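A.B. asks: Take this structure, written in C-alpha cells, and hold onto it; I'll ask about it next.
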Amino acid sequence: MQLVAVYIAVLLIWSTTPLGIVWSSESVSPSLALLLRMSIALVIGAVVIKLTSIEFPWHKKALHFYGVSAVGVAGGMFFTYLAARSMPSGILSLLFGLAPLLSGLFAQKILGEKSFSLSRKLALILAFSGLLIVCYDKLFEVQAAVPIRLIDFMFVLCAVSLFSLSGVLIKNVELNLHPVASTVGTLTVSMPIFILSWLIFDGDFIMPSLGSRSGWSIIYLGVFGSLFGFVGYFYILKRLSASTVSLVTLITPVLAMFLGSQLNGEVITDNLMIGATLIILGLFLYFFGNKAVWILALSPRK
C-alpha cells in the first residue's frame, strides 16, 4: 500500500511541476523563482539529514556523483525556467517525455550500449515526428495570448538533453547513496550556478507575495517538486520494475496537458493532439516494442 501511495504521489508531483514552473515566474524573474525553489529544497533536505542522521558523504567519488547530477538539475532547470516565459506547462511536460529516447542515444555513445532495435528506431521516428508537429503548431498558433518563441523550444530541448546526459553519466559512478543525500548533495553543488544565473540575468531580490500563485508555486516546487519528488522516484525505482516506472513518463504528459488546459487556460489544438499522440506512441513503442514483437512471434498461429 505504501509503495502504491508513493507511486501515485510521484505521478501527481511530476504532472503538476510544469504548471508550477509556469506559475512561479508570474511575478518574479525565472532565475529568482528557480533560486528560491532550490534554496527551500536544500534547507529542508539538510534539516532532514541532520535530524535522521542520514550518511552524507563528501569525498571525491561523492562529489563526482553530485557534479554529474548537477548537469541535469542545474543546467536542465535553468533552461526550463527560461522557456517557461512563453511555453505552456503541458508542452513542457510533453517535451520532457523525450528524455528516455535521448538517454538511449547518449548511452550508445558514452556507455557503449547496443544500437537501437528496429522497434526503437521506429519509436524515435514517431516521437520526433510528433515533436515537429507540436513545434510547428505552437509557433504559428494565432489564438495564443503569449506566442511561443523558437528560442524557447530550443531552451527546452537543451534542458531535456542535459537532463538525459546527466542520467547516463550517473550510471558511470558506482556509489550507493541515500536518495535524500543524493538530492541534497546535488543541490549543494548546483547552488552556486543558481546564484550566479540570478545575479547575471536579474540581480533584484523581490520576494513574491505568499498569497500569490507565484509564492505558493515556489513553495510547492521547493518542498515537493525538488525534494519529495526525487526521493519518491528513487524509492520506487529500487522497488518496481523498469517498465512499471517508465509508465510515469507516459502518463505525466497527458495529466500535465489536462491540468494546463483546465487550470491555466492552455489551448489544446488538433495538431497538438496529433503531435502528442505520436510522441506518447513513440515512448510506448520505445519501452514495450520489443516485448510486443516477442509476444506476436510466440503467439500460436491458426
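Chains: A, B, ... in order of the C-alpha cells. Residues: from 1 per chain. Ligands: from 1, in order shown.
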Extract, using only C-alpha atoms, all DNA, RNA and protein residues at most 10 Å from Phe230 of chain A, discarding same-chain residues fewer than 6 positions from it, and format them as a list in words.
C.D. replies: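 Near neighbours after the sequence-gap exclusion: Val10, Ile13, Trp14, Pro179, Val180, Ser182, Thr183 and Phe224 of chain A.
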A.B. asks: Those residues you just picked out, can you put them in a file as a PDB file, in the first residue's frame with N, CA and C atoms?
C.D. replies:
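As written to disk, selection_5.pdb reads:
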```
ATOM      1  N   VAL A  10       4.378  10.398  -6.900  1.00  0.00           N
ATOM      2  CA  VAL A  10       5.365  10.790  -7.915  1.00  0.00           C
ATOM      3  C   VAL A  10       4.661  11.205  -9.202  1.00  0.00           C
ATOM      4  N   ILE A  13       3.109  14.671  -8.564  1.00  0.00           N
ATOM      5  CA  ILE A  13       4.137  15.719  -8.438  1.00  0.00           C
ATOM      6  C   ILE A  13       4.734  16.050  -9.799  1.00  0.00           C
ATOM      7  N   TRP A  14       5.087  15.024 -10.564  1.00  0.00           N
ATOM      8  CA  TRP A  14       5.701  15.269 -11.867  1.00  0.00           C
ATOM      9  C   TRP A  14       4.708  15.861 -12.859  1.00  0.00           C
ATOM     10  N   PRO A 179      18.725   8.380  -1.163  1.00  0.00           N
ATOM     11  CA  PRO A 179      18.104   9.352  -2.069  1.00  0.00           C
ATOM     12  C   PRO A 179      18.121  10.790  -1.545  1.00  0.00           C
ATOM     13  N   VAL A 180      17.935  10.970  -0.235  1.00  0.00           N
ATOM     14  CA  VAL A 180      17.960  12.325   0.324  1.00  0.00           C
ATOM     15  C   VAL A 180      19.367  12.907   0.230  1.00  0.00           C
ATOM     16  N   SER A 182      21.638  12.104  -1.992  1.00  0.00           N
ATOM     17  CA  SER A 182      21.882  12.396  -3.410  1.00  0.00           C
ATOM     18  C   SER A 182      21.263  13.739  -3.794  1.00  0.00           C
ATOM     19  N   THR A 183      20.045  13.970  -3.330  1.00  0.00           N
ATOM     20  CA  THR A 183      19.346  15.207  -3.671  1.00  0.00           C
ATOM     21  C   THR A 183      20.022  16.411  -3.047  1.00  0.00           C
ATOM     22  N   PHE A 224       7.952  19.827  -2.664  1.00  0.00           N
ATOM     23  CA  PHE A 224       7.540  18.587  -3.329  1.00  0.00           C
ATOM     24  C   PHE A 224       8.303  18.335  -4.634  1.00  0.00           C
TER      25      PHE A 224
END
```
A.B. asks: Could you list, as JSON, numbers by chain, every residue within 12 Å of Thr52 of chain A, counting only C-alpha atoms and ignoring same-chain residues fewer than 5 positions away?
C.D. replies: {"A": [45, 46, 47, 178, 180, 181]}
A.B. asks: Can you write just those residues out, N, CA and C atoms, as a PDB file, in the first residue's frame?
C.D. replies:
```pdb
ATOM      1  N   GLY A  45      16.052  19.641   2.990  1.00  0.00           N
ATOM      2  CA  GLY A  45      16.820  18.410   2.854  1.00  0.00           C
ATOM      3  C   GLY A  45      17.949  18.317   3.859  1.00  0.00           C
ATOM      4  N   ALA A  46      18.636  19.437   4.087  1.00  0.00           N
ATOM      5  CA  ALA A  46      19.733  19.453   5.058  1.00  0.00           C
ATOM      6  C   ALA A  46      19.219  19.196   6.472  1.00  0.00           C
ATOM      7  N   VAL A  47      18.040  19.754   6.801  1.00  0.00           N
ATOM      8  CA  VAL A  47      17.443  19.519   8.120  1.00  0.00           C
ATOM      9  C   VAL A  47      17.071  18.049   8.279  1.00  0.00           C
ATOM     10  N   HIS A 178      22.005   7.344  -0.204  1.00  0.00           N
ATOM     11  CA  HIS A 178      20.608   7.516   0.190  1.00  0.00           C
ATOM     12  C   HIS A 178      19.991   8.575  -0.723  1.00  0.00           C
ATOM     13  N   VAL A 180      17.935  10.970  -0.235  1.00  0.00           N
ATOM     14  CA  VAL A 180      17.960  12.325   0.324  1.00  0.00           C
ATOM     15  C   VAL A 180      19.367  12.907   0.230  1.00  0.00           C
ATOM     16  N   ALA A 181      20.382  12.091   0.510  1.00  0.00           N
ATOM     17  CA  ALA A 181      21.761  12.559   0.406  1.00  0.00           C
ATOM     18  C   ALA A 181      22.105  12.911  -1.036  1.00  0.00           C
TER      19      ALA A 181
END
```
A.B. asks: Given only C-alpha atoms as the basis, pick out the residue of A:Val184, A:Leu240, A:Leu126, A:Ala83 nearest to Ala41 of chain A.
C.D. replies: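 The shortest atom-to-atom distance to Ala41 of chain A comes from A:Val184.
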A.B. asks: Can you measure atom CA of Ala5 of chain A to atom CA of Phe284 of chain A for me? One decimal in Å is fine.
C.D. replies: 23.6 Å
A.B. asks: Would you list the contacts of Leu131 of chain A as an MDAnalysis selection string, taking every protein, DNA or RNA residue within 10 Å and counting only C-alpha atoms, but skipping same-chain residues closer than 2 positions in sequence?
C.D. replies: chainID A and resid 91 94:95 98 125:129 133:137 272 274:276 278:279
A.B. asks: With only C-alpha atoms as the basis for distance, which of A:Leu3, A:Ala33, A:Leu132, A:Ile110 is at the shortest distance from Gly215 of chain A?
C.D. replies: A:Ala33
A.B. asks: Using only C-alpha atoms, which residue out of A:Leu247, A:Met154, A:Ile218, A:Ala74 lies closest to Pro192 of chain A?
C.D. replies: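 Nearest to Pro192 of chain A: A:Ala74.
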A.B. asks: As a PyMOL selection string, which residues of segment 106-196 of chain A does DSSP assign to alpha helix (DSSP H)?
C.D. replies: chain A and resi 106-110+118-139+150-170+179-196
A.B. asks: Please, could you write that set of residues out with C-alpha atoms as a compact mmCIF listing (two decimals), in the first residue's frame?
C.D. replies:
```
# COMPACT_ATOMS: atom_id res chain seq x y z
CA PHE A 106 23.64 9.11 -25.18
CA ALA A 107 24.08 5.64 -23.67
CA GLN A 108 25.17 4.26 -27.02
CA LYS A 109 27.90 6.88 -27.34
CA ILE A 110 29.03 7.07 -23.71
CA LEU A 118 14.09 -1.74 -35.30
CA SER A 119 11.18 -1.03 -32.94
CA ARG A 120 13.18 1.62 -31.08
CA LYS A 121 14.29 3.26 -34.31
CA LEU A 122 10.64 3.44 -35.32
CA ALA A 123 9.88 4.89 -31.86
CA LEU A 124 12.41 7.67 -32.48
CA ILE A 125 10.84 8.48 -35.84
CA LEU A 126 7.34 8.62 -34.34
CA ALA A 127 8.37 10.72 -31.33
CA PHE A 128 10.40 13.27 -33.25
CA SER A 129 7.72 13.50 -35.95
CA GLY A 130 5.30 14.38 -33.16
CA LEU A 131 7.81 16.92 -31.84
CA LEU A 132 7.97 18.64 -35.22
CA ILE A 133 4.17 18.81 -35.40
CA VAL A 134 3.95 20.27 -31.88
CA CYS A 135 6.68 22.83 -32.58
CA TYR A 136 5.13 23.93 -35.89
CA ASP A 137 1.66 24.15 -34.40
CA LYS A 138 2.68 26.18 -31.35
CA LEU A 139 5.00 28.52 -33.23
CA LEU A 150 11.53 29.33 -31.34
CA ILE A 151 14.31 30.10 -28.85
CA ASP A 152 12.11 28.76 -26.03
CA PHE A 153 11.69 25.46 -27.86
CA MET A 154 15.49 25.34 -28.15
CA PHE A 155 15.81 26.06 -24.42
CA VAL A 156 13.54 23.13 -23.57
CA LEU A 157 15.45 20.79 -25.87
CA CYS A 158 18.70 21.91 -24.21
CA ALA A 159 17.13 21.22 -20.81
CA VAL A 160 15.95 17.73 -21.82
CA SER A 161 19.32 16.94 -23.40
CA LEU A 162 21.23 17.96 -20.25
CA PHE A 163 18.82 16.02 -18.05
CA SER A 164 19.23 12.91 -20.22
CA LEU A 165 23.01 13.27 -20.42
CA SER A 166 23.22 13.59 -16.65
CA GLY A 167 21.23 10.39 -16.15
CA VAL A 168 23.62 8.47 -18.39
CA LEU A 169 26.74 9.92 -16.74
CA ILE A 170 25.41 8.91 -13.32
CA PRO A 179 18.10 9.35 -2.07
CA VAL A 180 17.96 12.32 0.32
CA ALA A 181 21.76 12.56 0.41
CA SER A 182 21.88 12.40 -3.41
CA THR A 183 19.35 15.21 -3.67
CA VAL A 184 20.98 17.45 -1.06
CA GLY A 185 24.47 16.89 -2.46
CA THR A 186 23.32 17.69 -5.98
CA LEU A 187 21.52 20.85 -4.82
CA THR A 188 24.59 21.95 -2.83
CA VAL A 189 26.84 21.67 -5.89
CA SER A 190 24.19 23.31 -8.09
CA MET A 191 23.50 26.26 -5.78
CA PRO A 192 26.43 28.46 -7.00
CA ILE A 193 25.07 28.10 -10.55
CA PHE A 194 21.58 29.17 -9.43
CA ILE A 195 23.02 32.19 -7.58
CA LEU A 196 25.25 33.18 -10.49
```
